[in-house]
Every structure is written in structure tokens, then in C-alpha cells.
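What follows is input_6.cif (mmCIF, C-alpha atoms).
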```
data_run
loop_
_atom_site.group_PDB
_atom_site.id
_atom_site.type_symbol
_atom_site.label_atom_id
_atom_site.label_comp_id
_atom_site.auth_asym_id
_atom_site.auth_seq_id
_atom_site.Cartn_x
_atom_site.Cartn_y
_atom_site.Cartn_z
ATOM 1 C CA ILE A 891 -76.487 -16.504 -53.839
ATOM 2 C CA PHE A 892 -73.719 -19.078 -54.045
ATOM 3 C CA GLY A 893 -72.650 -22.677 -54.356
ATOM 4 C CA ASP A 894 -69.526 -24.603 -53.467
ATOM 5 C CA THR A 895 -67.925 -23.821 -56.844
ATOM 6 C CA ARG A 896 -68.333 -21.277 -59.627
ATOM 7 C CA PHE A 897 -70.359 -23.891 -61.509
ATOM 8 C CA ALA A 898 -72.687 -24.396 -58.546
ATOM 9 C CA THR A 899 -72.999 -20.639 -58.064
ATOM 10 C CA ALA A 900 -74.055 -20.283 -61.707
ATOM 11 C CA VAL A 901 -76.768 -22.885 -61.079
ATOM 12 C CA GLU A 902 -77.976 -21.066 -57.964
ATOM 13 C CA VAL A 903 -78.156 -17.793 -59.887
ATOM 14 C CA ALA A 904 -79.999 -19.456 -62.777
ATOM 15 C CA GLN A 905 -82.565 -20.884 -60.369
ATOM 16 C CA GLU A 906 -83.431 -17.375 -59.251
ATOM 17 C CA TYR A 907 -85.032 -16.611 -62.597
ATOM 18 C CA VAL A 908 -85.892 -19.684 -64.643
ATOM 19 C CA PRO A 909 -86.795 -18.269 -68.053
ATOM 20 C CA LEU A 910 -90.049 -18.842 -69.877
ATOM 21 C CA GLY A 911 -89.366 -21.361 -72.612
ATOM 22 C CA CYS A 912 -86.357 -22.827 -70.805
ATOM 23 C CA GLU A 913 -83.531 -21.212 -72.769
ATOM 24 C CA TYR A 914 -80.017 -21.133 -71.340
ATOM 25 C CA VAL A 915 -76.558 -20.072 -72.421
ATOM 26 C CA VAL A 916 -73.678 -22.493 -71.838
ATOM 27 C CA ALA A 917 -70.186 -21.008 -71.532
ATOM 28 C CA ASN A 918 -66.742 -22.129 -70.455
ATOM 29 C CA GLY A 919 -66.365 -21.277 -66.784
ATOM 30 C CA LEU A 920 -62.576 -21.446 -66.767
ATOM 31 C CA ASP A 921 -61.967 -18.686 -69.294
ATOM 32 C CA PHE A 922 -63.741 -15.373 -69.707
ATOM 33 C CA PRO A 923 -63.943 -14.118 -73.331
ATOM 34 C CA ASP A 924 -66.944 -15.978 -74.738
ATOM 35 C CA GLY A 925 -69.152 -15.544 -71.692
ATOM 36 C CA LEU A 926 -68.507 -11.802 -71.411
ATOM 37 C CA ALA A 927 -70.301 -11.053 -74.650
ATOM 38 C CA SER A 928 -73.312 -13.253 -73.881
ATOM 39 C CA SER A 929 -75.086 -10.907 -71.445
ATOM 40 C CA VAL A 930 -77.010 -9.408 -74.343
ATOM 41 C CA TYR A 931 -78.987 -12.650 -74.630
ATOM 42 C CA ASP A 932 -80.635 -11.834 -71.279
ATOM 43 C CA LEU A 933 -80.687 -15.552 -70.443
ATOM 44 C CA PRO A 934 -79.282 -17.458 -67.476
ATOM 45 C CA ILE A 935 -75.754 -18.723 -68.028
ATOM 46 C CA LEU A 936 -74.621 -22.207 -67.015
ATOM 47 C CA LEU A 937 -70.902 -22.900 -66.835
ATOM 48 C CA THR A 938 -68.925 -25.893 -67.993
ATOM 49 C CA THR A 939 -65.369 -26.828 -68.954
ATOM 50 C CA THR A 940 -64.053 -27.763 -72.372
ATOM 51 C CA ASP A 941 -64.428 -31.521 -72.070
ATOM 52 C CA ASP A 942 -66.209 -32.290 -68.802
ATOM 53 C CA LEU A 943 -69.639 -31.243 -67.590
ATOM 54 C CA PRO A 944 -69.353 -30.255 -63.906
ATOM 55 C CA ALA A 945 -71.564 -32.172 -61.498
ATOM 56 C CA ALA A 946 -73.590 -29.126 -60.465
ATOM 57 C CA THR A 947 -74.332 -28.184 -64.076
ATOM 58 C CA ALA A 948 -75.214 -31.777 -64.957
ATOM 59 C CA ALA A 949 -77.615 -32.033 -62.019
ATOM 60 C CA GLU A 950 -79.349 -28.809 -62.998
ATOM 61 C CA LEU A 951 -79.719 -29.900 -66.613
ATOM 62 C CA ASP A 952 -81.132 -33.237 -65.476
ATOM 63 C CA SER A 953 -83.658 -31.431 -63.294
ATOM 64 C CA LEU A 954 -84.612 -29.098 -66.128
ATOM 65 C CA ALA A 955 -84.970 -31.970 -68.582
ATOM 66 C CA THR A 956 -87.152 -34.070 -66.306
ATOM 67 C CA SER A 957 -89.380 -31.590 -64.537
ATOM 68 C CA GLY A 958 -88.078 -28.035 -64.394
ATOM 69 C CA CYS A 959 -88.858 -26.671 -67.831
ATOM 70 C CA THR A 960 -91.986 -24.913 -68.962
ATOM 71 C CA GLY A 961 -91.085 -25.829 -72.533
ATOM 72 C CA ASP A 962 -88.395 -27.585 -74.530
ATOM 73 C CA LEU A 963 -84.886 -27.190 -73.161
ATOM 74 C CA GLU A 964 -82.827 -24.973 -75.480
ATOM 75 C CA LEU A 965 -79.100 -24.500 -74.955
ATOM 76 C CA THR A 966 -76.877 -22.035 -76.779
ATOM 77 C CA ILE A 967 -73.168 -22.778 -76.486
ATOM 78 C CA VAL A 968 -71.020 -19.666 -76.850
ATOM 79 C CA GLY A 969 -67.532 -20.296 -78.178
ATOM 80 C CA GLY A 970 -65.826 -22.791 -80.448
ATOM 81 C CA THR A 971 -64.819 -26.366 -79.753
ATOM 82 C CA ALA A 972 -61.710 -25.241 -77.863
ATOM 83 C CA ALA A 973 -64.095 -23.695 -75.321
ATOM 84 C CA VAL A 974 -66.779 -26.410 -75.282
ATOM 85 C CA SER A 975 -65.939 -29.598 -77.145
ATOM 86 C CA THR A 976 -68.023 -31.269 -79.824
ATOM 87 C CA ALA A 977 -68.332 -34.334 -77.575
ATOM 88 C CA GLN A 978 -69.879 -32.220 -74.846
ATOM 89 C CA GLN A 979 -72.259 -30.591 -77.317
ATOM 90 C CA ASP A 980 -73.398 -34.050 -78.426
ATOM 91 C CA LEU A 981 -73.806 -35.133 -74.793
ATOM 92 C CA LEU A 982 -76.033 -32.146 -74.007
ATOM 93 C CA ALA A 983 -78.372 -33.146 -76.807
ATOM 94 C CA ALA A 984 -78.303 -36.887 -76.148
ATOM 95 C CA ASP A 985 -78.476 -36.975 -72.344
ATOM 96 C CA TYR A 986 -80.850 -34.087 -71.732
ATOM 97 C CA GLY A 987 -82.964 -34.027 -74.887
ATOM 98 C CA ALA A 988 -81.962 -30.427 -75.448
ATOM 99 C CA THR A 989 -81.972 -28.510 -78.683
ATOM 100 C CA VAL A 990 -78.344 -27.371 -78.795
ATOM 101 C CA SER A 991 -76.878 -24.649 -80.996
ATOM 102 C CA ARG A 992 -73.433 -23.114 -81.039
ATOM 103 C CA VAL A 993 -72.525 -19.485 -81.654
ATOM 104 C CA PHE A 994 -68.867 -18.876 -82.318
ATOM 105 C CA GLY A 995 -66.193 -17.226 -84.408
ATOM 106 C CA ALA A 996 -62.599 -17.934 -85.263
ATOM 107 C CA ASP A 997 -61.480 -16.339 -81.984
ATOM 108 C CA ARG A 998 -62.881 -14.415 -79.019
ATOM 109 C CA TYR A 999 -63.398 -11.328 -81.167
ATOM 110 C CA GLY A 1000 -65.261 -13.275 -83.826
ATOM 111 C CA THR A 1001 -67.380 -15.010 -81.206
ATOM 112 C CA ALA A 1002 -68.500 -11.665 -79.761
ATOM 113 C CA ILE A 1003 -69.538 -10.580 -83.241
ATOM 114 C CA ALA A 1004 -71.291 -13.905 -83.864
ATOM 115 C CA ILE A 1005 -73.278 -13.438 -80.650
ATOM 116 C CA ALA A 1006 -74.332 -9.965 -81.762
ATOM 117 C CA ASP A 1007 -75.345 -11.308 -85.173
ATOM 118 C CA ASP A 1008 -77.339 -14.117 -83.535
ATOM 119 C CA VAL A 1009 -79.220 -11.842 -81.149
ATOM 120 C CA PHE A 1010 -79.958 -9.134 -83.671
ATOM 121 C CA ALA A 1011 -80.496 -11.200 -86.815
ATOM 122 C CA GLY A 1012 -82.687 -9.182 -89.158
ATOM 123 C CA ILE A 1013 -82.778 -6.181 -86.819
ATOM 124 C CA THR A 1014 -80.830 -3.282 -88.284
ATOM 125 C CA PRO A 1015 -79.968 -0.678 -87.390
ATOM 126 C CA PHE A 1016 -79.923 -1.240 -83.643
ATOM 127 C CA ASP A 1017 -78.022 1.921 -82.800
ATOM 128 C CA GLU A 1018 -75.759 1.105 -79.858
ATOM 129 C CA ALA A 1019 -72.844 -1.169 -79.069
ATOM 130 C CA ILE A 1020 -70.263 -1.585 -76.318
ATOM 131 C CA ILE A 1021 -66.537 -1.923 -76.952
ATOM 132 C CA THR A 1022 -64.054 -3.133 -74.370
ATOM 133 C CA THR A 1023 -60.734 -4.914 -74.396
ATOM 134 C CA GLY A 1024 -60.664 -8.590 -75.256
ATOM 135 C CA LEU A 1025 -57.417 -9.093 -73.364
ATOM 136 C CA ASP A 1026 -58.801 -8.905 -69.827
ATOM 137 C CA PHE A 1027 -62.140 -9.092 -68.076
ATOM 138 C CA PRO A 1028 -62.525 -6.435 -65.319
ATOM 139 C CA ASP A 1029 -63.995 -3.595 -67.366
ATOM 140 C CA ALA A 1030 -66.599 -5.818 -68.998
ATOM 141 C CA LEU A 1031 -67.815 -7.363 -65.737
ATOM 142 C CA ALA A 1032 -70.183 -4.580 -64.780
ATOM 143 C CA GLY A 1033 -71.022 -3.866 -68.430
ATOM 144 C CA GLY A 1034 -73.259 -6.915 -68.799
ATOM 145 C CA VAL A 1035 -76.209 -5.123 -67.218
ATOM 146 C CA LEU A 1036 -75.728 -2.133 -69.528
ATOM 147 C CA SER A 1037 -75.556 -4.506 -72.501
ATOM 148 C CA ALA A 1038 -78.824 -6.233 -71.619
ATOM 149 C CA TYR A 1039 -80.549 -2.962 -70.707
ATOM 150 C CA ARG A 1040 -79.611 -1.080 -73.867
ATOM 151 C CA GLY A 1041 -79.715 -4.051 -76.241
ATOM 152 C CA ALA A 1042 -76.115 -3.176 -77.014
ATOM 153 C CA PRO A 1043 -73.810 -6.054 -77.938
ATOM 154 C CA ILE A 1044 -70.411 -6.238 -76.270
ATOM 155 C CA LEU A 1045 -67.654 -6.195 -78.887
ATOM 156 C CA LEU A 1046 -64.049 -6.997 -78.027
ATOM 157 C CA ASN A 1047 -61.109 -5.072 -79.412
ATOM 158 C CA ASP A 1048 -57.338 -5.086 -79.079
ATOM 159 C CA GLY A 1049 -54.509 -2.810 -80.136
ATOM 160 C CA ASP A 1050 -54.442 0.865 -81.098
ATOM 161 C CA SER A 1051 -57.014 0.713 -83.893
ATOM 162 C CA VAL A 1052 -60.482 -0.635 -84.519
ATOM 163 C CA ARG A 1053 -60.240 -4.246 -85.602
ATOM 164 C CA THR A 1054 -61.360 -4.787 -89.197
ATOM 165 C CA ASP A 1055 -64.025 -7.317 -88.201
ATOM 166 C CA VAL A 1056 -65.348 -4.994 -85.498
ATOM 167 C CA GLY A 1057 -65.412 -2.054 -87.910
ATOM 168 C CA ASP A 1058 -67.266 -4.104 -90.519
ATOM 169 C CA PHE A 1059 -69.848 -5.079 -87.923
ATOM 170 C CA LEU A 1060 -70.347 -1.470 -86.837
ATOM 171 C CA ASP A 1061 -70.931 -0.430 -90.442
ATOM 172 C CA ASP A 1062 -73.252 -3.318 -91.284
ATOM 173 C CA ALA A 1063 -75.332 -2.912 -88.132
ATOM 174 C CA GLY A 1064 -75.723 0.839 -88.480
ATOM 175 C CA ILE A 1065 -74.267 1.578 -85.033
ATOM 176 C CA THR A 1066 -74.414 5.273 -84.169
ATOM 177 C CA LYS A 1067 -73.185 5.204 -80.558
ATOM 178 C CA VAL A 1068 -70.524 3.166 -78.801
ATOM 179 C CA TYR A 1069 -69.969 2.916 -75.073
ATOM 180 C CA ILE A 1070 -66.270 2.348 -74.380
ATOM 181 C CA LEU A 1071 -65.655 0.491 -71.129
ATOM 182 C CA GLY A 1072 -62.350 1.109 -69.401
ATOM 183 C CA GLY A 1073 -59.553 3.631 -69.524
ATOM 184 C CA THR A 1074 -57.105 4.369 -72.285
ATOM 185 C CA GLY A 1075 -54.836 1.565 -71.135
ATOM 186 C CA ALA A 1076 -57.594 -0.867 -72.078
ATOM 187 C CA VAL A 1077 -59.086 0.905 -75.108
ATOM 188 C CA PRO A 1078 -56.611 3.530 -76.401
ATOM 189 C CA THR A 1079 -57.615 7.058 -77.323
ATOM 190 C CA ALA A 1080 -56.713 6.260 -80.932
ATOM 191 C CA VAL A 1081 -59.572 3.745 -81.055
ATOM 192 C CA GLU A 1082 -62.005 6.321 -79.722
ATOM 193 C CA THR A 1083 -60.804 8.854 -82.297
ATOM 194 C CA GLU A 1084 -61.084 6.354 -85.138
ATOM 195 C CA LEU A 1085 -64.643 5.460 -84.172
ATOM 196 C CA SER A 1086 -65.547 9.130 -84.450
ATOM 197 C CA THR A 1087 -63.619 10.148 -87.563
ATOM 198 C CA ALA A 1088 -63.639 6.992 -89.679
ATOM 199 C CA TYR A 1089 -67.022 5.565 -88.675
ATOM 200 C CA GLY A 1090 -68.975 8.677 -87.675
ATOM 201 C CA ILE A 1091 -69.902 7.127 -84.345
ATOM 202 C CA THR A 1092 -70.607 9.039 -81.158
ATOM 203 C CA THR A 1093 -68.597 7.610 -78.276
ATOM 204 C CA GLU A 1094 -68.976 7.730 -74.517
ATOM 205 C CA ARG A 1095 -66.222 6.346 -72.329
ATOM 206 C CA LEU A 1096 -67.199 4.870 -68.972
ATOM 207 C CA ASP A 1097 -64.108 4.470 -66.865
ATOM 208 C CA GLY A 1098 -62.504 5.037 -63.524
ATOM 209 C CA ALA A 1099 -59.022 4.962 -62.081
ATOM 210 C CA ASN A 1100 -59.338 1.172 -61.687
ATOM 211 C CA ARG A 1101 -61.809 -1.690 -62.127
ATOM 212 C CA TRP A 1102 -63.790 -0.570 -59.083
ATOM 213 C CA GLY A 1103 -64.133 2.953 -60.455
ATOM 214 C CA THR A 1104 -65.112 1.720 -63.908
ATOM 215 C CA ALA A 1105 -67.914 -0.378 -62.396
ATOM 216 C CA VAL A 1106 -69.112 2.736 -60.555
ATOM 217 C CA ALA A 1107 -69.026 4.754 -63.799
ATOM 218 C CA ILE A 1108 -71.154 2.110 -65.511
ATOM 219 C CA ALA A 1109 -73.593 2.049 -62.581
ATOM 220 C CA ASP A 1110 -73.858 5.840 -62.725
ATOM 221 C CA GLU A 1111 -74.615 5.658 -66.448
ATOM 222 C CA ILE A 1112 -77.335 3.061 -65.912
ATOM 223 C CA SER A 1113 -78.859 5.251 -63.232
ATOM 224 C CA ALA A 1114 -78.669 8.332 -65.465
ATOM 225 C CA LEU A 1115 -80.412 6.471 -68.290
ATOM 226 C CA GLY A 1116 -83.241 5.469 -65.980
ATOM 227 C CA SER A 1117 -86.698 6.935 -65.718
ATOM 228 C CA VAL A 1118 -89.716 6.446 -63.512
ATOM 229 C CA THR A 1119 -90.132 2.971 -65.006
ATOM 230 C CA GLY A 1120 -86.456 2.331 -65.634
ATOM 231 C CA PRO A 1121 -83.564 1.219 -63.461
ATOM 232 C CA SER A 1122 -83.092 2.381 -59.921
ATOM 233 C CA ASN A 1123 -80.610 1.930 -57.121
ATOM 234 C CA ASN A 1124 -83.157 0.133 -54.971
ATOM 235 C CA GLU A 1125 -81.245 -3.122 -55.397
ATOM 236 C CA ILE A 1126 -77.505 -3.595 -55.866
ATOM 237 C CA VAL A 1127 -75.629 -6.723 -56.927
ATOM 238 C CA LEU A 1128 -72.180 -7.138 -55.391
ATOM 239 C CA VAL A 1129 -69.564 -9.519 -56.835
ATOM 240 C CA ASN A 1130 -65.864 -10.278 -56.561
ATOM 241 C CA GLY A 1131 -64.018 -8.071 -59.038
ATOM 242 C CA LEU A 1132 -60.836 -10.123 -59.036
ATOM 243 C CA GLY A 1133 -62.462 -13.086 -60.783
ATOM 244 C CA PHE A 1134 -64.885 -13.208 -63.677
ATOM 245 C CA ALA A 1135 -67.190 -16.176 -63.119
ATOM 246 C CA ASP A 1136 -69.693 -14.808 -60.594
ATOM 247 C CA ALA A 1137 -70.066 -11.460 -62.369
ATOM 248 C CA LEU A 1138 -70.492 -13.216 -65.703
ATOM 249 C CA THR A 1139 -73.440 -15.312 -64.527
ATOM 250 C CA GLY A 1140 -74.774 -12.521 -62.344
ATOM 251 C CA ALA A 1141 -75.168 -9.938 -65.105
ATOM 252 C CA PRO A 1142 -78.406 -11.259 -66.698
ATOM 253 C CA PHE A 1143 -79.806 -11.849 -63.198
ATOM 254 C CA ALA A 1144 -78.961 -8.274 -62.182
ATOM 255 C CA PHE A 1145 -80.700 -6.979 -65.292
ATOM 256 C CA ASP A 1146 -83.838 -8.947 -64.481
ATOM 257 C CA LEU A 1147 -83.582 -7.734 -60.875
ATOM 258 C CA ASP A 1148 -84.989 -4.297 -61.668
ATOM 259 C CA ILE A 1149 -81.957 -3.500 -63.879
ATOM 260 C CA SER A 1150 -79.749 -3.471 -60.814
ATOM 261 C CA PRO A 1151 -76.167 -2.237 -61.210
ATOM 262 C CA ILE A 1152 -73.269 -4.580 -60.524
ATOM 263 C CA LEU A 1153 -70.630 -3.258 -58.163
ATOM 264 C CA LEU A 1154 -67.258 -4.908 -57.627
ATOM 265 C CA THR A 1155 -65.438 -5.667 -54.414
ATOM 266 C CA ALA A 1156 -62.271 -7.359 -53.237
ATOM 267 C CA PRO A 1157 -62.806 -10.599 -51.305
ATOM 268 C CA GLY A 1158 -61.883 -9.250 -47.877
ATOM 269 C CA SER A 1159 -62.535 -5.522 -48.065
ATOM 270 C CA VAL A 1160 -64.636 -3.019 -49.953
ATOM 271 C CA PRO A 1161 -62.706 -0.660 -52.272
ATOM 272 C CA ALA A 1162 -63.150 3.038 -51.601
ATOM 273 C CA GLU A 1163 -64.884 3.618 -54.939
ATOM 274 C CA THR A 1164 -67.499 0.934 -54.253
ATOM 275 C CA ALA A 1165 -68.101 2.155 -50.709
ATOM 276 C CA ALA A 1166 -68.491 5.738 -51.929
ATOM 277 C CA TYR A 1167 -71.137 4.670 -54.442
ATOM 278 C CA HIS A 1168 -73.156 2.916 -51.744
ATOM 279 C CA GLN A 1169 -72.842 5.941 -49.495
ATOM 280 C CA THR A 1170 -73.966 8.293 -52.270
ATOM 281 C CA TYR A 1171 -77.121 6.265 -52.866
ATOM 282 C CA CYS A 1172 -77.715 5.195 -49.272
ATOM 283 C CA ASP A 1173 -81.177 6.741 -49.250
ATOM 284 C CA GLU A 1174 -82.195 4.592 -52.256
ATOM 285 C CA ILE A 1175 -80.565 1.221 -51.608
ATOM 286 C CA ASP A 1176 -82.850 -1.249 -49.834
ATOM 287 C CA PHE A 1177 -81.406 -4.582 -50.954
ATOM 288 C CA ILE A 1178 -77.914 -5.892 -51.655
ATOM 289 C CA THR A 1179 -77.552 -9.255 -53.374
ATOM 290 C CA VAL A 1180 -74.123 -10.866 -53.140
ATOM 291 C CA VAL A 1181 -73.283 -13.360 -55.892
ATOM 292 C CA GLY A 1182 -70.555 -15.744 -54.772
ATOM 293 C CA GLY A 1183 -69.597 -17.527 -51.585
ATOM 294 C CA PRO A 1184 -67.676 -16.222 -48.558
ATOM 295 C CA ALA A 1185 -64.341 -16.991 -50.203
ATOM 296 C CA ALA A 1186 -65.314 -14.627 -53.034
ATOM 297 C CA VAL A 1187 -66.976 -11.958 -50.873
ATOM 298 C CA SER A 1188 -66.273 -12.303 -47.166
ATOM 299 C CA ALA A 1189 -68.673 -11.559 -44.342
ATOM 300 C CA ALA A 1190 -66.483 -8.571 -43.479
ATOM 301 C CA ALA A 1191 -66.860 -7.176 -46.994
ATOM 302 C CA VAL A 1192 -70.628 -7.664 -46.838
ATOM 303 C CA ASP A 1193 -70.826 -5.915 -43.471
ATOM 304 C CA ALA A 1194 -68.716 -3.022 -44.756
ATOM 305 C CA THR A 1195 -70.981 -2.667 -47.805
ATOM 306 C CA VAL A 1196 -74.099 -2.611 -45.643
ATOM 307 C CA ALA A 1197 -72.487 0.002 -43.418
ATOM 308 C CA ALA A 1198 -71.616 2.146 -46.441
ATOM 309 C CA ALA A 1199 -75.172 1.858 -47.754
ATOM 310 C CA THR A 1200 -76.664 2.912 -44.420
ATOM 311 C CA CYS A 1201 -77.262 6.638 -44.280
ATOM 312 C CA PRO A 1202 -75.956 8.489 -41.234
ATOM 313 C CA THR A 1203 -78.576 9.263 -38.630
ATOM 314 C CA PRO A 1204 -79.631 12.923 -38.983
#
```
Represent the structure contained in this file as C-alpha cells.
Amino acid sequence: IFGDTRFATAVEVAQEYVPLGCEYVVANGLDFPDGLASSVYDLPILLTTTDDLPAATAAELDSLATSGCTGDLELTIVGGTAAVSTAQQDLLAADYGATVSRVFGADRYGTAIAIADDVFAGITPFDEAIITTGLDFPDALAGGVLSAYRGAPILLNDGDSVRTDVGDFLDDAGITKVYILGGTGAVPTAVETELSTAYGITTERLDGANRWGTAVAIADEISALGSVTGPSNNEIVLVNGLGFADALTGAPFAFDLDISPILLTAPGSVPAETAAYHQTYCDEIDFITVVGGPAAVSAAAVDATVAAATCPTP
């Protein structure tokens, strides 16, 4: 599933599962923080820039406004005006007749909390949350499916302690378990300890030696949480792990696709950790969906993934 640009790819992904009621998230496609936390909405994500609406996004919105919606077009902008300008918000309402709202905080950390508050307004406690670093994107890429599946908001943290605003949210929401995504270089052990001792929260760290291994750890957790009616490894979503855009828009799609795990690859070759996962579950995997064009995931990488997911002949 891909287009000529990240914006066009987001449109192609969104078209795979047009939501009932025509609700979409709009996020900045040139920076990662605000979009990472929006997977919990379980809505398709369209990408834009701060001041200019990309042609592919504009064309999709025009199609939705004129004939594609089953209801009124509703757009939720994630992030402040530095991410998506006020002028663009006004344009979305005026040109496409959309009901437009904005969910944001003072910074990326506040925006993640604002998203959680928006999704879970009036629903407390809701038990689980996800914490990952707000300084980089790799560990959160594969976590979007876990977020949507568990109804667990993604919270961003930095430094060697739990941020005050994050801690306040955990207390107010009644969180009892936190999934930590990434190794101790991303979320230090001191944060994990503080969550346990100061907040009484059970923690589970999902990590690997690198971004590829962390994605595998998250996929394993999703599989372990499954049941007869839950997620399976029948379908896998494969994305470029060196960029954020395709994984960001692919996470809600992967969740709707039978709660399929997201695995990460390099553009030209499949990392050993990703290949090993496909080999382990080769007897279950029937479908692999690649999100992103051949520059993001090459034909060679696709072929290598298929080979890894093909069980040896007895």
C-alpha cells in the first residue's frame, strides 16, 4: 500500500478502511511526536505540513466531502499551531465543510496527555498505559497496534524520572499497569523503579537490542495477549523502521487488520530480528502487507521477508 509521497501513502492506507461516520485524525507528516500518540483513536490518519495542505491529502478530503463519507466529515488535528497552523485549521473547515477540533498541549508531552484525556473522557480508571521516549520515534512505531488493542494511551517521557505531568495523569486515570517500550537508553531503569515505588504501578518492559528487536518484543506481547478471538499472526504489516511516517499511519490500519503486528525493516534488507520472527511464525503467516513504496521497502526486502515467512519443506 503506497503512494508517491508519505502524504499519498497515508491516503492509500486510509482508503483501505474508511471509518463509519467519517472521522479522521490529521497530523504533521514532517515530525513524529504528535502522531505517535494518536493510534489510540483507532482512526485513519491523514498527514499534512504546518502551513500547506499536500495535494494528495487535499484531493482525499475533497473526495470525502463530496461523495466519500457515510456521515459528516469530522477531523481531529493533533498538535498545536506549530504543528498544524490556525490558517490550515480554518481552511479544513471552510473548504471541506468539516467539523474540525484540535487536541494539543504545551509540548509533545502535553499533547500525548491531551489525546489520552480526549479519548478517555469520563472513563476512569482505564487500567493500562504505554510509556516511551518522546525524544525519538523507533520504539513507539510498533506500539501503535498495542495501544489501539489494549486501549492504552501512549505517553511520552524524557529524562531519568517520571515527568510531573505524566505522573499526574497516571494518578488521575487510575493506571495500574504500564508497558514501557524500548531499552534503558530510551526509558531509564530509574523511571521503571519510580513507577513501581512512587505510583504503585506494575510495569512490563518490551524491548530488544535495537528497534527491530523492540518491534519483535511488542509483536510477541500482542500474540501472547491474544485468544481464539483475539490477534493472530495470520497477517503481518511490514514498514520501514528508519522513518516514522508509514508506520504512524499504518498502526490503526494494522489494528483493524485482525490486530496484525507491525514489524520493522530496513529499506534494502531485512534485519535478522525481523526475519527470525517471520521464520518462527511461518506456519501461521498467510499475508504480509507492506506499507510504503519501493524506496521505503525494496522488492529485495519484500522477497527476503516472504522467504523468511515460508516454512522449510519437511
Worksheet item: Which residue, A:Gly911, A:Gly1133, A:Pro1142, A:Gly1041, has the smallest gap to Glu1018 in chain A when you use only C-alpha atoms?
Response: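 Residue with the minimum atom-to-atom distance to Glu1018 in chain A: A:Gly1041.
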Response to the item:
Expressed in Å, the length from CA of Ala1109 in chain A to CA of Asp1007 in chain A is 26.3 Å
Item to complete: Take the PyMOL selection byres ((chain A and resi 1182) around 8), apply it to the structure above, and return the hits as a PyMOL selection string.
Response: chain A and resi 891-893+896+899+1129-1130+1136+1180-1181+1183-1187
Go ahead and save the residues from that selection, with C-alpha atoms, as a compact mmCIF listing (two decimals), in the frame of the given file.
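To be explicit, this is the file written out as result_18.txt:
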```txt
# COMPACT_ATOMS: atom_id res chain seq x y z
CA ILE A 891 -76.49 -16.50 -53.84
CA PHE A 892 -73.72 -19.08 -54.04
CA GLY A 893 -72.65 -22.68 -54.36
CA ARG A 896 -68.33 -21.28 -59.63
CA THR A 899 -73.00 -20.64 -58.06
CA VAL A 1129 -69.56 -9.52 -56.84
CA ASN A 1130 -65.86 -10.28 -56.56
CA ASP A 1136 -69.69 -14.81 -60.59
CA VAL A 1180 -74.12 -10.87 -53.14
CA VAL A 1181 -73.28 -13.36 -55.89
CA GLY A 1183 -69.60 -17.53 -51.58
CA PRO A 1184 -67.68 -16.22 -48.56
CA ALA A 1185 -64.34 -16.99 -50.20
CA ALA A 1186 -65.31 -14.63 -53.03
CA VAL A 1187 -66.98 -11.96 -50.87
```
Worksheet item: Neighbours of Gln978 in chain A within 8 Å (all atoms listed in the file; same-chain residues fewer than 6 positions away dropped), as an NGL selection string?
Response: :A and (940-943)
Worksheet item: Counting all atoms listed in the file, what is within 9 Å of Asp1055 in chain A, bar same-chain residues fewer than 6 positions away, as a VMD selection string?
Response: chain A and resid 999 to 1000 1003
Practice prompt. For Gly1072 in chain A, work out the shell of residues within 9 Å, counting all atoms listed in the file and skipping chain neighbours fewer than 3 positions away, then give it as number ranges by chain.
Written response: A: 1022-1023, 1028-1030, 1075-1077, 1095-1101, 1104
Discussion item. What's the separation between CA of Leu937 in chain A and CA of Leu951 in chain A, in Å to one decimal place?
Written reply: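 Going from CA of Leu937 in chain A over to CA of Leu951 in chain A covers 11.3 Å.
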Fill in: the PyMOL selection byres ((chain A and resi 914) around 6) applied to the shown file, residues as a list in words
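Written out, the selection comes to Glu913, Val915, Leu933, Pro934, Ile935 and Leu965 of chain A.
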Discussion item. Let me make sure I understand: among A:Leu1025, A:Leu1138, A:Thr971, A:Gly958, which one has the smallest atom-to-atom distance to Gly925 in chain A if we use only C-alpha atoms?
Written reply: A:Leu1138
Worksheet entry | Nearby residues (all atoms listed in the file) at most 7 Å from Asn918 in chain A, same-chain spacing under 3 positions excluded, as a PyMOL selection string | chain A and resi 921+937-940+973-974
Worksheet entry | Straight-line distance linking CA of Tyr1167 in chain A with CA of Val930 in chain A, stated in Å to one decimal |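 Distance reported for this atom pair: 25.1 Å.
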Practice prompt. With the file shown as input, list the residues that the PyMOL selection byres ((chain A and resi 906) around 10) selects, as a VMD selection string.
Written response: chain A and resid 891 901 to 905 907 to 909 934 1143 1146 to 1147
Worksheet entry | All residues 8 Å or closer to Cys1172 in chain A, all atoms listed in the file, same chain fewer than 4 positions away omitted, as a VMD selection string | chain A and resid 1168 1198 to 1201
